[in-house]
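Containing PDB, C-alpha atoms, pLDDT in the B column: run_12.pdb.
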MODEL        1
ATOM      1  CA  ASP A   1     -14.679  -2.584  -0.939  1.00 59.00           C
ATOM      2  CA  ALA A   2     -13.654   0.217   1.385  1.00 68.00           C
ATOM      3  CA  GLY A   3     -15.439   3.488   0.628  1.00 93.00           C
ATOM      4  CA  ILE A   4     -12.525   5.562  -0.656  1.00 96.00           C
ATOM      5  CA  THR A   5     -12.810   8.018  -3.507  1.00 97.00           C
ATOM      6  CA  GLN A   6      -9.880   9.882  -4.980  1.00 97.00           C
ATOM      7  CA  SER A   7     -10.361  12.891  -7.203  1.00 97.00           C
ATOM      8  CA  PRO A   8      -9.447  13.727  -9.821  1.00 97.00           C
ATOM      9  CA  ARG A   9      -8.449  10.344 -11.266  1.00 96.00           C
ATOM     10  CA  HIS A  10      -6.248  11.962 -13.912  1.00 97.00           C
ATOM     11  CA  LYS A  11      -4.728  15.406 -14.150  1.00 97.00           C
ATOM     12  CA  VAL A  12      -2.274  17.119 -16.465  1.00 97.00           C
ATOM     13  CA  THR A  13      -0.898  20.466 -15.426  1.00 96.00           C
ATOM     14  CA  GLU A  14       2.070  22.766 -15.942  1.00 96.00           C
ATOM     15  CA  THR A  15       5.143  23.323 -13.830  1.00 97.00           C
ATOM     16  CA  GLY A  16       4.645  25.994 -11.200  1.00 97.00           C
ATOM     17  CA  THR A  17       0.892  25.638 -10.839  1.00 96.00           C
ATOM     18  CA  PRO A  18      -0.757  24.614  -7.561  1.00 96.00           C
ATOM     19  CA  VAL A  19      -2.511  21.239  -7.495  1.00 97.00           C
ATOM     20  CA  THR A  20      -4.843  19.757  -4.896  1.00 98.00           C
ATOM     21  CA  LEU A  21      -5.794  16.101  -4.740  1.00 98.00           C
ATOM     22  CA  ARG A  22      -8.700  14.918  -2.652  1.00 98.00           C
ATOM     23  CA  CYS A  23      -9.265  11.715  -0.765  1.00 98.00           C
ATOM     24  CA  HIS A  24     -12.771  11.124   0.553  1.00 98.00           C
ATOM     25  CA  GLN A  25     -13.796   8.203   2.768  1.00 98.00           C
ATOM     26  CA  THR A  26     -17.183   7.013   3.967  1.00 97.00           C
ATOM     27  CA  GLU A  27     -15.807   4.599   6.602  1.00 94.00           C
ATOM     28  CA  ASN A  28     -15.222   7.111   9.406  1.00 94.00           C
ATOM     29  CA  HIS A  29     -11.693   5.718   9.853  1.00 94.00           C
ATOM     30  CA  ARG A  30      -9.280   7.661  11.986  1.00 92.00           C
ATOM     31  CA  TYR A  31      -6.084   7.205   9.966  1.00 93.00           C
ATOM     32  CA  MET A  32      -5.477   8.440   6.426  1.00 95.00           C
ATOM     33  CA  TYR A  33      -2.336   8.360   4.279  1.00 95.00           C
ATOM     34  CA  TRP A  34      -0.972   9.761   1.033  1.00 97.00           C
ATOM     35  CA  TYR A  35       1.548   7.755  -0.980  1.00 97.00           C
ATOM     36  CA  ARG A  36       3.210   8.175  -4.328  1.00 97.00           C
ATOM     37  CA  GLN A  37       4.146   5.244  -6.528  1.00 96.00           C
ATOM     38  CA  ASP A  38       6.980   5.455  -9.007  1.00 93.00           C
ATOM     39  CA  PRO A  39       8.785   2.771 -11.019  1.00 87.00           C
ATOM     40  CA  GLY A  40      11.780   1.481  -9.111  1.00 79.00           C
ATOM     41  CA  HIS A  41      10.695   3.105  -5.848  1.00 83.00           C
ATOM     42  CA  GLY A  42       7.562   1.240  -4.886  1.00 85.00           C
ATOM     43  CA  LEU A  43       5.238   3.065  -2.509  1.00 91.00           C
ATOM     44  CA  ARG A  44       6.590   6.047  -0.625  1.00 93.00           C
ATOM     45  CA  LEU A  45       4.732   7.788   2.162  1.00 94.00           C
ATOM     46  CA  ILE A  46       4.195  11.529   1.705  1.00 96.00           C
ATOM     47  CA  HIS A  47       2.048  12.541   4.687  1.00 96.00           C
ATOM     48  CA  TYR A  48      -0.398  10.901   7.018  1.00 94.00           C
ATOM     49  CA  SER A  49      -3.127  11.891   9.443  1.00 94.00           C
ATOM     50  CA  TYR A  50      -4.142  10.349  12.747  1.00 90.00           C
ATOM     51  CA  GLY A  51      -7.156  12.538  13.334  1.00 91.00           C
ATOM     52  CA  VAL A  52      -8.852  15.782  12.364  1.00 94.00           C
ATOM     53  CA  LYS A  53      -6.176  18.482  12.127  1.00 93.00           C
ATOM     54  CA  ASP A  54      -3.523  15.944  13.215  1.00 93.00           C
ATOM     55  CA  THR A  55      -1.007  15.289  10.456  1.00 94.00           C
ATOM     56  CA  ASP A  56       2.637  14.353  10.150  1.00 93.00           C
ATOM     57  CA  LYS A  57       5.314  14.012   7.491  1.00 93.00           C
ATOM     58  CA  GLY A  58       6.379  10.888   5.696  1.00 92.00           C
ATOM     59  CA  GLU A  59       9.646  10.101   3.963  1.00 90.00           C
ATOM     60  CA  VAL A  60       9.041  12.271   0.856  1.00 95.00           C
ATOM     61  CA  SER A  61       7.117  15.266   2.198  1.00 96.00           C
ATOM     62  CA  ASP A  62       9.158  18.090   0.618  1.00 96.00           C
ATOM     63  CA  GLY A  63       7.007  20.103  -1.793  1.00 96.00           C
ATOM     64  CA  TYR A  64       3.745  18.736  -0.400  1.00 98.00           C
ATOM     65  CA  SER A  65       1.305  19.889   2.250  1.00 97.00           C
ATOM     66  CA  VAL A  66      -1.862  18.293   3.608  1.00 98.00           C
ATOM     67  CA  SER A  67      -4.988  19.272   5.452  1.00 97.00           C
ATOM     68  CA  ARG A  68      -7.688  17.385   7.239  1.00 97.00           C
ATOM     69  CA  SER A  69     -10.496  19.600   8.487  1.00 96.00           C
ATOM     70  CA  LYS A  70     -13.007  16.769   8.810  1.00 96.00           C
ATOM     71  CA  THR A  71     -12.782  13.022   9.269  1.00 96.00           C
ATOM     72  CA  GLU A  72     -13.836  12.083   5.760  1.00 97.00           C
ATOM     73  CA  ASP A  73     -11.515  14.297   3.702  1.00 98.00           C
ATOM     74  CA  PHE A  74      -7.732  14.381   3.401  1.00 98.00           C
ATOM     75  CA  LEU A  75      -6.315  16.861   0.910  1.00 98.00           C
ATOM     76  CA  LEU A  76      -2.861  16.772  -0.637  1.00 98.00           C
ATOM     77  CA  THR A  77      -1.533  20.031  -2.096  1.00 98.00           C
ATOM     78  CA  LEU A  78       1.430  20.637  -4.341  1.00 97.00           C
ATOM     79  CA  GLU A  79       2.037  24.336  -3.810  1.00 93.00           C
ATOM     80  CA  SER A  80       4.100  24.766  -6.977  1.00 96.00           C
ATOM     81  CA  ALA A  81       4.182  21.587  -9.026  1.00 96.00           C
ATOM     82  CA  THR A  82       7.462  20.338 -10.500  1.00 97.00           C
ATOM     83  CA  SER A  83       8.081  17.655 -13.119  1.00 96.00           C
ATOM     84  CA  SER A  84       9.592  15.403 -10.428  1.00 96.00           C
ATOM     85  CA  GLN A  85       6.146  15.220  -8.848  1.00 97.00           C
ATOM     86  CA  THR A  86       4.729  13.430 -11.877  1.00 97.00           C
ATOM     87  CA  SER A  87       3.521  10.190 -10.333  1.00 97.00           C
ATOM     88  CA  VAL A  88       0.577   8.068  -9.319  1.00 97.00           C
ATOM     89  CA  TYR A  89      -0.801   9.139  -5.955  1.00 98.00           C
ATOM     90  CA  PHE A  90      -2.652   6.773  -3.659  1.00 97.00           C
ATOM     91  CA  CYS A  91      -4.713   7.489  -0.599  1.00 97.00           C
ATOM     92  CA  ALA A  92      -5.130   4.834   2.087  1.00 96.00           C
ATOM     93  CA  ILE A  93      -7.271   4.587   5.202  1.00 95.00           C
ATOM     94  CA  ARG A  94      -7.073   2.465   8.318  1.00 92.00           C
ATOM     95  CA  GLU A  95      -9.503   1.899  11.124  1.00 89.00           C
ATOM     96  CA  GLY A  96      -7.061   1.087  13.915  1.00 82.00           C
ATOM     97  CA  TYR A  97      -3.382   0.323  14.445  1.00 73.00           C
ATOM     98  CA  ASN A  98      -3.946  -3.435  14.260  1.00 74.00           C
ATOM     99  CA  GLN A  99      -6.014  -3.214  11.084  1.00 84.00           C
ATOM    100  CA  PRO A 100      -4.742  -3.278   7.501  1.00 89.00           C
ATOM    101  CA  GLN A 101      -4.751  -0.262   5.230  1.00 92.00           C
ATOM    102  CA  HIS A 102      -7.227   0.004   2.382  1.00 95.00           C
ATOM    103  CA  PHE A 103      -6.313   1.902  -0.738  1.00 96.00           C
ATOM    104  CA  GLY A 104      -8.103   4.131  -3.193  1.00 96.00           C
ATOM    105  CA  ASP A 105      -7.825   3.690  -6.960  1.00 95.00           C
ATOM    106  CA  GLY A 106      -5.192   6.386  -7.370  1.00 96.00           C
ATOM    107  CA  THR A 107      -4.699   9.701  -9.151  1.00 97.00           C
ATOM    108  CA  ARG A 108      -2.396   9.817 -12.147  1.00 97.00           C
ATOM    109  CA  LEU A 109      -0.739  13.247 -12.154  1.00 98.00           C
ATOM    110  CA  SER A 110       1.394  14.517 -15.025  1.00 97.00           C
ATOM    111  CA  ILE A 111       3.303  17.779 -14.714  1.00 97.00           C
ATOM    112  CA  LEU A 112       4.656  19.163 -17.953  1.00 95.00           C
TER     113      LEU A 112
ATOM    114  CA  GLY B   1      16.454   0.298   9.845  1.00 46.00           C
ATOM    115  CA  GLU B   2      13.419  -1.623   8.739  1.00 55.00           C
ATOM    116  CA  ASP B   3      13.372  -3.122   5.255  1.00 84.00           C
ATOM    117  CA  VAL B   4      11.171  -5.466   3.258  1.00 91.00           C
ATOM    118  CA  GLU B   5      12.666  -7.324   0.324  1.00 93.00           C
ATOM    119  CA  GLN B   6      10.950  -9.102  -2.554  1.00 94.00           C
ATOM    120  CA  SER B   7      12.140 -10.491  -5.844  1.00 90.00           C
ATOM    121  CA  LEU B   8      11.004  -8.333  -8.758  1.00 90.00           C
ATOM    122  CA  PHE B   9       9.561 -10.921 -11.130  1.00 95.00           C
ATOM    123  CA  LEU B  10       8.006 -14.375 -11.157  1.00 97.00           C
ATOM    124  CA  SER B  11       6.803 -16.214 -14.243  1.00 97.00           C
ATOM    125  CA  VAL B  12       4.610 -19.324 -14.035  1.00 97.00           C
ATOM    126  CA  ARG B  13       2.451 -21.442 -16.290  1.00 97.00           C
ATOM    127  CA  GLU B  14      -1.307 -21.390 -15.897  1.00 97.00           C
ATOM    128  CA  GLY B  15      -2.448 -24.170 -13.551  1.00 97.00           C
ATOM    129  CA  ASP B  16       0.861 -24.327 -11.678  1.00 97.00           C
ATOM    130  CA  SER B  17       1.391 -23.030  -8.152  1.00 97.00           C
ATOM    131  CA  SER B  18       3.061 -19.661  -7.602  1.00 97.00           C
ATOM    132  CA  VAL B  19       5.168 -18.867  -4.567  1.00 97.00           C
ATOM    133  CA  ILE B  20       6.054 -15.256  -3.875  1.00 98.00           C
ATOM    134  CA  ASN B  21       8.646 -14.677  -1.181  1.00 97.00           C
ATOM    135  CA  CYS B  22       9.323 -11.770   1.153  1.00 96.00           C
ATOM    136  CA  THR B  23      11.915 -11.127   3.827  1.00 95.00           C
ATOM    137  CA  TYR B  24      11.752  -8.444   6.492  1.00 91.00           C
ATOM    138  CA  THR B  25      14.234  -7.200   9.031  1.00 85.00           C
ATOM    139  CA  ASP B  26      12.199  -5.870  11.936  1.00 78.00           C
ATOM    140  CA  SER B  27      11.894  -8.640  14.517  1.00 73.00           C
ATOM    141  CA  SER B  28       9.125  -6.726  16.292  1.00 75.00           C
ATOM    142  CA  SER B  29       6.841  -6.928  13.257  1.00 72.00           C
ATOM    143  CA  THR B  30       3.407  -7.872  14.447  1.00 79.00           C
ATOM    144  CA  TYR B  31       1.284  -7.969  11.303  1.00 87.00           C
ATOM    145  CA  LEU B  32       2.306  -9.012   7.817  1.00 91.00           C
ATOM    146  CA  TYR B  33       0.187  -8.290   4.777  1.00 93.00           C
ATOM    147  CA  TRP B  34      -0.117  -9.257   1.131  1.00 96.00           C
ATOM    148  CA  TYR B  35      -1.611  -6.838  -1.366  1.00 97.00           C
ATOM    149  CA  LYS B  36      -2.378  -7.298  -5.065  1.00 97.00           C
ATOM    150  CA  GLN B  37      -2.218  -4.476  -7.613  1.00 96.00           C
ATOM    151  CA  GLU B  38      -3.669  -4.894 -11.069  1.00 95.00           C
ATOM    152  CA  PRO B  39      -2.744  -2.433 -13.855  1.00 90.00           C
ATOM    153  CA  GLY B  40      -4.255   0.992 -13.340  1.00 88.00           C
ATOM    154  CA  ALA B  41      -5.737   0.091  -9.973  1.00 91.00           C
ATOM    155  CA  GLY B  42      -4.971   0.581  -6.312  1.00 93.00           C
ATOM    156  CA  LEU B  43      -3.621  -1.989  -3.892  1.00 95.00           C
ATOM    157  CA  GLN B  44      -6.156  -4.605  -2.882  1.00 96.00           C
ATOM    158  CA  LEU B  45      -5.680  -6.383   0.441  1.00 95.00           C
ATOM    159  CA  LEU B  46      -5.424 -10.124  -0.186  1.00 96.00           C
ATOM    160  CA  THR B  47      -4.702 -11.503   3.242  1.00 94.00           C
ATOM    161  CA  TYR B  48      -2.736 -10.858   6.397  1.00 92.00           C
ATOM    162  CA  ILE B  49      -1.231 -12.864   9.207  1.00 91.00           C
ATOM    163  CA  PHE B  50      -0.493 -12.097  12.804  1.00 88.00           C
ATOM    164  CA  SER B  51       3.016 -12.861  13.980  1.00 85.00           C
ATOM    165  CA  ASN B  52       1.910 -15.578  16.406  1.00 86.00           C
ATOM    166  CA  MET B  53       0.636 -17.645  13.468  1.00 89.00           C
ATOM    167  CA  ASP B  54       2.690 -19.912  11.226  1.00 92.00           C
ATOM    168  CA  MET B  55       0.205 -20.395   8.439  1.00 94.00           C
ATOM    169  CA  LYS B  56      -3.046 -19.036   7.118  1.00 94.00           C
ATOM    170  CA  GLN B  57      -5.095 -20.497   4.304  1.00 95.00           C
ATOM    171  CA  ASP B  58      -7.843 -18.776   2.362  1.00 92.00           C
ATOM    172  CA  GLN B  59      -9.159 -20.667  -0.664  1.00 95.00           C
ATOM    173  CA  ARG B  60      -6.299 -20.739  -3.212  1.00 96.00           C
ATOM    174  CA  LEU B  61      -4.034 -18.609  -1.040  1.00 97.00           C
ATOM    175  CA  THR B  62      -1.662 -19.945   1.601  1.00 97.00           C
ATOM    176  CA  VAL B  63       0.533 -17.672   3.690  1.00 97.00           C
ATOM    177  CA  LEU B  64       3.512 -19.143   5.512  1.00 96.00           C
ATOM    178  CA  LEU B  65       5.459 -17.249   8.152  1.00 95.00           C
ATOM    179  CA  ASN B  66       8.886 -18.219   9.452  1.00 93.00           C
ATOM    180  CA  LYS B  67       9.578 -15.785  12.267  1.00 90.00           C
ATOM    181  CA  LYS B  68      13.019 -17.180  12.987  1.00 90.00           C
ATOM    182  CA  ASP B  69      14.189 -16.413   9.449  1.00 92.00           C
ATOM    183  CA  LYS B  70      11.894 -13.363   9.068  1.00 91.00           C
ATOM    184  CA  HIS B  71      10.500 -14.910   5.905  1.00 94.00           C
ATOM    185  CA  LEU B  72       6.972 -14.654   4.573  1.00 95.00           C
ATOM    186  CA  SER B  73       5.590 -16.409   1.521  1.00 97.00           C
ATOM    187  CA  LEU B  74       2.368 -16.328  -0.463  1.00 97.00           C
ATOM    188  CA  ARG B  75       1.402 -19.469  -2.361  1.00 97.00           C
ATOM    189  CA  ILE B  76      -1.273 -19.265  -5.035  1.00 97.00           C
ATOM    190  CA  ALA B  77      -2.610 -22.662  -6.028  1.00 97.00           C
ATOM    191  CA  ASP B  78      -3.833 -23.345  -9.571  1.00 97.00           C
ATOM    192  CA  THR B  79      -2.598 -19.978 -10.819  1.00 98.00           C
ATOM    193  CA  GLN B  80      -4.817 -18.325 -13.424  1.00 97.00           C
ATOM    194  CA  THR B  81      -4.105 -15.593 -15.968  1.00 95.00           C
ATOM    195  CA  GLY B  82      -6.268 -13.308 -13.831  1.00 95.00           C
ATOM    196  CA  ASP B  83      -3.692 -13.644 -11.069  1.00 97.00           C
ATOM    197  CA  SER B  84      -1.196 -11.699 -13.177  1.00 97.00           C
ATOM    198  CA  ALA B  85      -0.469  -8.574 -11.131  1.00 97.00           C
ATOM    199  CA  ILE B  86       2.049  -6.991  -8.799  1.00 96.00           C
ATOM    200  CA  TYR B  87       2.068  -8.440  -5.277  1.00 97.00           C
ATOM    201  CA  PHE B  88       3.266  -6.376  -2.345  1.00 96.00           C
ATOM    202  CA  CYS B  89       4.389  -7.629   1.008  1.00 95.00           C
ATOM    203  CA  ALA B  90       4.088  -5.238   3.971  1.00 92.00           C
ATOM    204  CA  GLU B  91       4.899  -5.411   7.647  1.00 88.00           C
ATOM    205  CA  SER B  92       3.896  -3.367  10.650  1.00 83.00           C
ATOM    206  CA  ARG B  93       4.405  -3.219  14.368  1.00 70.00           C
ATOM    207  CA  GLY B  94       1.285  -3.176  16.480  1.00 54.00           C
ATOM    208  CA  SER B  95       2.563  -0.421  18.731  1.00 55.00           C
ATOM    209  CA  GLY B  96      -0.358   1.919  18.414  1.00 50.00           C
ATOM    210  CA  GLY B  97       0.106   5.551  17.564  1.00 49.00           C
ATOM    211  CA  SER B  98       0.406   6.475  13.926  1.00 55.00           C
ATOM    212  CA  TYR B  99       1.372   3.019  12.566  1.00 70.00           C
ATOM    213  CA  ILE B 100       3.471   3.327   9.458  1.00 81.00           C
ATOM    214  CA  PRO B 101       3.726   0.021   7.580  1.00 85.00           C
ATOM    215  CA  THR B 102       6.764  -0.782   5.474  1.00 87.00           C
ATOM    216  CA  PHE B 103       6.139  -2.079   1.952  1.00 91.00           C
ATOM    217  CA  GLY B 104       8.323  -4.146  -0.311  1.00 92.00           C
ATOM    218  CA  ARG B 105       8.805  -2.948  -3.883  1.00 92.00           C
ATOM    219  CA  GLY B 106       6.480  -5.587  -5.259  1.00 94.00           C
ATOM    220  CA  THR B 107       6.790  -8.810  -7.254  1.00 96.00           C
ATOM    221  CA  SER B 108       5.365  -8.858 -10.785  1.00 96.00           C
ATOM    222  CA  LEU B 109       3.647 -12.202 -11.345  1.00 97.00           C
ATOM    223  CA  ILE B 110       3.299 -13.150 -15.008  1.00 97.00           C
ATOM    224  CA  VAL B 111       1.077 -16.112 -15.788  1.00 97.00           C
ATOM    225  CA  HIS B 112       1.513 -17.785 -19.180  1.00 94.00           C
ATOM    226  CA  PRO B 113      -1.354 -19.700 -20.802  1.00 90.00           C
TER     227      PRO B 113
ENDMDL
END
Structure translated into structure tokens:
Amino acid sequence: DAGITQSPRHKVTETGTPVTLRCHQTENHRYMYWYRQDPGHGLRLIHYSYGVKDTDKGEVSDGYSVSRSKTEDFLLTLESATSSQTSVYFCAIREGYNQPQHFGDGTRLSIL
Amino acid sequence: GEDVEQSLFLSVREGDSSVINCTYTDSSSTYLYWYKQEPGAGLQLLTYIFSNMDMKQDQRLTVLLNKKDKHLSLRIADTQTGDSAIYFCAESRGSGGSYIPTFGRGTSLIVHP
């Protein structure tokens, strides 16, 4: 299995609080992605990174920011969490453009 | 724009074959993938096929690609209860750069004893 660790695995927090999710990889892959998965919507891309300090927005980036200061870590931050951001968040990594993505086990985030 | 379509549900009896279908719209798709997601887990890569191939077989799994019709299928032989999961089809274009694959919404496979 690809060396991807997401933390925390579960989190419950209140509306308006900041939340940071971490994705850590041991594969030294260049590309990293954050998705959210919701019933009826499948997987939706939030942000992605194509190198250290190189990031770009996905289709549902509003309310989220990311940072990648080193190859192995990709952080997703909800600056002020809202109930609509309750979801399961997945991190994925990819070695090269012609390689498949590999996914972490997910973070279940509940915002009350 | 690009789109990947899958049926939402498939129910089969244990021991039968399962066929999960996927259609995509981007004719420049280069790689097509199948992922499996079990409850509470992430997506696990099952297999993938390059667009210059028609078929790929890996143990109980057979992937068929019809480029003309933009149709991809995953056949699971001798389906077991442990195969019950959500199966996602995904496509990508091997154009370098950031590479953003497009996923279908997933097909829930239910295997009855």
* **Long-range neighbours of range 68-79 of chain A as a PyMOL selection string, 9 Å cut-off, all atoms listed in the file, 6 positions minimum in chain** => chain A and resi 16-34+47-49+51-55+85+91
Let's have the selection written as a PDB file, in the coordinates of the input, with C-alpha atoms.
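out.pdb, written as the output of this step:
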ATOM      1  CA  GLY A  16       4.645  25.994 -11.200  1.00 97.00           C
ATOM      2  CA  THR A  17       0.892  25.638 -10.839  1.00 96.00           C
ATOM      3  CA  PRO A  18      -0.757  24.614  -7.561  1.00 96.00           C
ATOM      4  CA  VAL A  19      -2.511  21.239  -7.495  1.00 97.00           C
ATOM      5  CA  THR A  20      -4.843  19.757  -4.896  1.00 98.00           C
ATOM      6  CA  LEU A  21      -5.794  16.101  -4.740  1.00 98.00           C
ATOM      7  CA  ARG A  22      -8.700  14.918  -2.652  1.00 98.00           C
ATOM      8  CA  CYS A  23      -9.265  11.715  -0.765  1.00 98.00           C
ATOM      9  CA  HIS A  24     -12.771  11.124   0.553  1.00 98.00           C
ATOM     10  CA  GLN A  25     -13.796   8.203   2.768  1.00 98.00           C
ATOM     11  CA  THR A  26     -17.183   7.013   3.967  1.00 97.00           C
ATOM     12  CA  GLU A  27     -15.807   4.599   6.602  1.00 94.00           C
ATOM     13  CA  ASN A  28     -15.222   7.111   9.406  1.00 94.00           C
ATOM     14  CA  HIS A  29     -11.693   5.718   9.853  1.00 94.00           C
ATOM     15  CA  ARG A  30      -9.280   7.661  11.986  1.00 92.00           C
ATOM     16  CA  TYR A  31      -6.084   7.205   9.966  1.00 93.00           C
ATOM     17  CA  MET A  32      -5.477   8.440   6.426  1.00 95.00           C
ATOM     18  CA  TYR A  33      -2.336   8.360   4.279  1.00 95.00           C
ATOM     19  CA  TRP A  34      -0.972   9.761   1.033  1.00 97.00           C
ATOM     20  CA  HIS A  47       2.048  12.541   4.687  1.00 96.00           C
ATOM     21  CA  TYR A  48      -0.398  10.901   7.018  1.00 94.00           C
ATOM     22  CA  SER A  49      -3.127  11.891   9.443  1.00 94.00           C
ATOM     23  CA  GLY A  51      -7.156  12.538  13.334  1.00 91.00           C
ATOM     24  CA  VAL A  52      -8.852  15.782  12.364  1.00 94.00           C
ATOM     25  CA  LYS A  53      -6.176  18.482  12.127  1.00 93.00           C
ATOM     26  CA  ASP A  54      -3.523  15.944  13.215  1.00 93.00           C
ATOM     27  CA  THR A  55      -1.007  15.289  10.456  1.00 94.00           C
ATOM     28  CA  GLN A  85       6.146  15.220  -8.848  1.00 97.00           C
ATOM     29  CA  CYS A  91      -4.713   7.489  -0.599  1.00 97.00           C
TER      30      CYS A  91
END
* To do: Please identify every residue of chain A that has at least one atom no more than 7 Å from any atom of chain B, counting only C-alpha atoms, and report them as a VMD selection string.
  => chain A and resid 41 to 43 50 97 to 98 102 to 106
Quick one: write out the picked residues with C-alpha atoms as a PDB file, in the frame of the given file?
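Below is the file result-v9.pdb, written as the result:
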ATOM      1  CA  HIS A  41      10.695   3.105  -5.848  1.00 83.00           C
ATOM      2  CA  GLY A  42       7.562   1.240  -4.886  1.00 85.00           C
ATOM      3  CA  LEU A  43       5.238   3.065  -2.509  1.00 91.00           C
ATOM      4  CA  TYR A  50      -4.142  10.349  12.747  1.00 90.00           C
ATOM      5  CA  TYR A  97      -3.382   0.323  14.445  1.00 73.00           C
ATOM      6  CA  ASN A  98      -3.946  -3.435  14.260  1.00 74.00           C
ATOM      7  CA  HIS A 102      -7.227   0.004   2.382  1.00 95.00           C
ATOM      8  CA  PHE A 103      -6.313   1.902  -0.738  1.00 96.00           C
ATOM      9  CA  GLY A 104      -8.103   4.131  -3.193  1.00 96.00           C
ATOM     10  CA  ASP A 105      -7.825   3.690  -6.960  1.00 95.00           C
ATOM     11  CA  GLY A 106      -5.192   6.386  -7.370  1.00 96.00           C
TER      12      GLY A 106
END
* To do: Would you mind telling me which residue in B:His71, B:Gln80, B:Ser29, B:Glu38 lies nearest to Ser51 in chain B when using only C-alpha atoms?
  => B:Ser29
* **Best match for closeness to His10 in chain A among A:Ile93, A:Ser87, A:Leu112, A:Gln99, counting all atoms listed in the file** => A:Ser87
* To do: Report the distance between CA of Ala92 in chain A and CA of Val66 in chain A in Å, rounded to one decimal place.
  =>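 CA of Val66 in chain A lies 13.9 Å from CA of Ala92 in chain A.
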Run the PyMOL selection byres ((chain B and resi 9) around 10) against the file shown and list the residues it catches, as a short mmCIF file (atom, residue, chain, number, x, y, z; two decimals) with C-alpha atoms, keeping the file's coordinate frame.
data_model
loop_
_atom_site.label_atom_id
_atom_site.label_comp_id
_atom_site.auth_asym_id
_atom_site.auth_seq_id
_atom_site.Cartn_x
_atom_site.Cartn_y
_atom_site.Cartn_z
CA GLN B 6 10.95 -9.10 -2.55
CA SER B 7 12.14 -10.49 -5.84
CA LEU B 8 11.00 -8.33 -8.76
CA LEU B 10 8.01 -14.38 -11.16
CA SER B 11 6.80 -16.21 -14.24
CA ILE B 20 6.05 -15.26 -3.88
CA ILE B 86 2.05 -6.99 -8.80
CA TYR B 87 2.07 -8.44 -5.28
CA GLY B 106 6.48 -5.59 -5.26
CA THR B 107 6.79 -8.81 -7.25
CA SER B 108 5.36 -8.86 -10.78
CA LEU B 109 3.65 -12.20 -11.34
CA ILE B 110 3.30 -13.15 -15.01
#
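Residues with any atom within 8 Å of Ser61 in chain A, counting all atoms listed in the file and excluding same-chain neighbours fewer than 2 positions away, are Leu45, Ile46, His47, Lys57, Gly58, Glu59, Gly63, Tyr64 and Ser65 of chain A.
Separating CA of Ser28 in chain B from CA of Gln57 in chain B is a distance of 23.1 Å.
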* Identify which of the residues B:Val4, B:Ile76, B:Cys89, B:Leu65 lies closest to Val19 in chain B, counting only C-alpha atoms when measuring atom-to-atom distances. =>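 Going through B:Val4, B:Ile76, B:Cys89, B:Leu65 one by one, the smallest distance to Val19 in chain B is for B:Ile76.
Our summary of the geometry notes that CA of Glu14 in chain A is positioned 17.1 Å from CA of Tyr89 in chain A.
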* Any chance you could work out the residue set of the PyMOL selection byres ((chain B and resi 15) around 10) here, as a PyMOL selection string? -> chain B and resi 12-14+16-18+76-81+111-113
Would you put the residues from that selection into a file with C-alpha atoms, as a CSV table (one decimal), in the coordinates of the input?
chain,number,residue,atom,x,y,z
B,12,VAL,CA,4.6,-19.3,-14.0
B,13,ARG,CA,2.5,-21.4,-16.3
B,14,GLU,CA,-1.3,-21.4,-15.9
B,16,ASP,CA,0.9,-24.3,-11.7
B,17,SER,CA,1.4,-23.0,-8.2
B,18,SER,CA,3.1,-19.7,-7.6
B,76,ILE,CA,-1.3,-19.3,-5.0
B,77,ALA,CA,-2.6,-22.7,-6.0
B,78,ASP,CA,-3.8,-23.3,-9.6
B,79,THR,CA,-2.6,-20.0,-10.8
B,80,GLN,CA,-4.8,-18.3,-13.4
B,81,THR,CA,-4.1,-15.6,-16.0
B,111,VAL,CA,1.1,-16.1,-15.8
B,112,HIS,CA,1.5,-17.8,-19.2
B,113,PRO,CA,-1.4,-19.7,-20.8
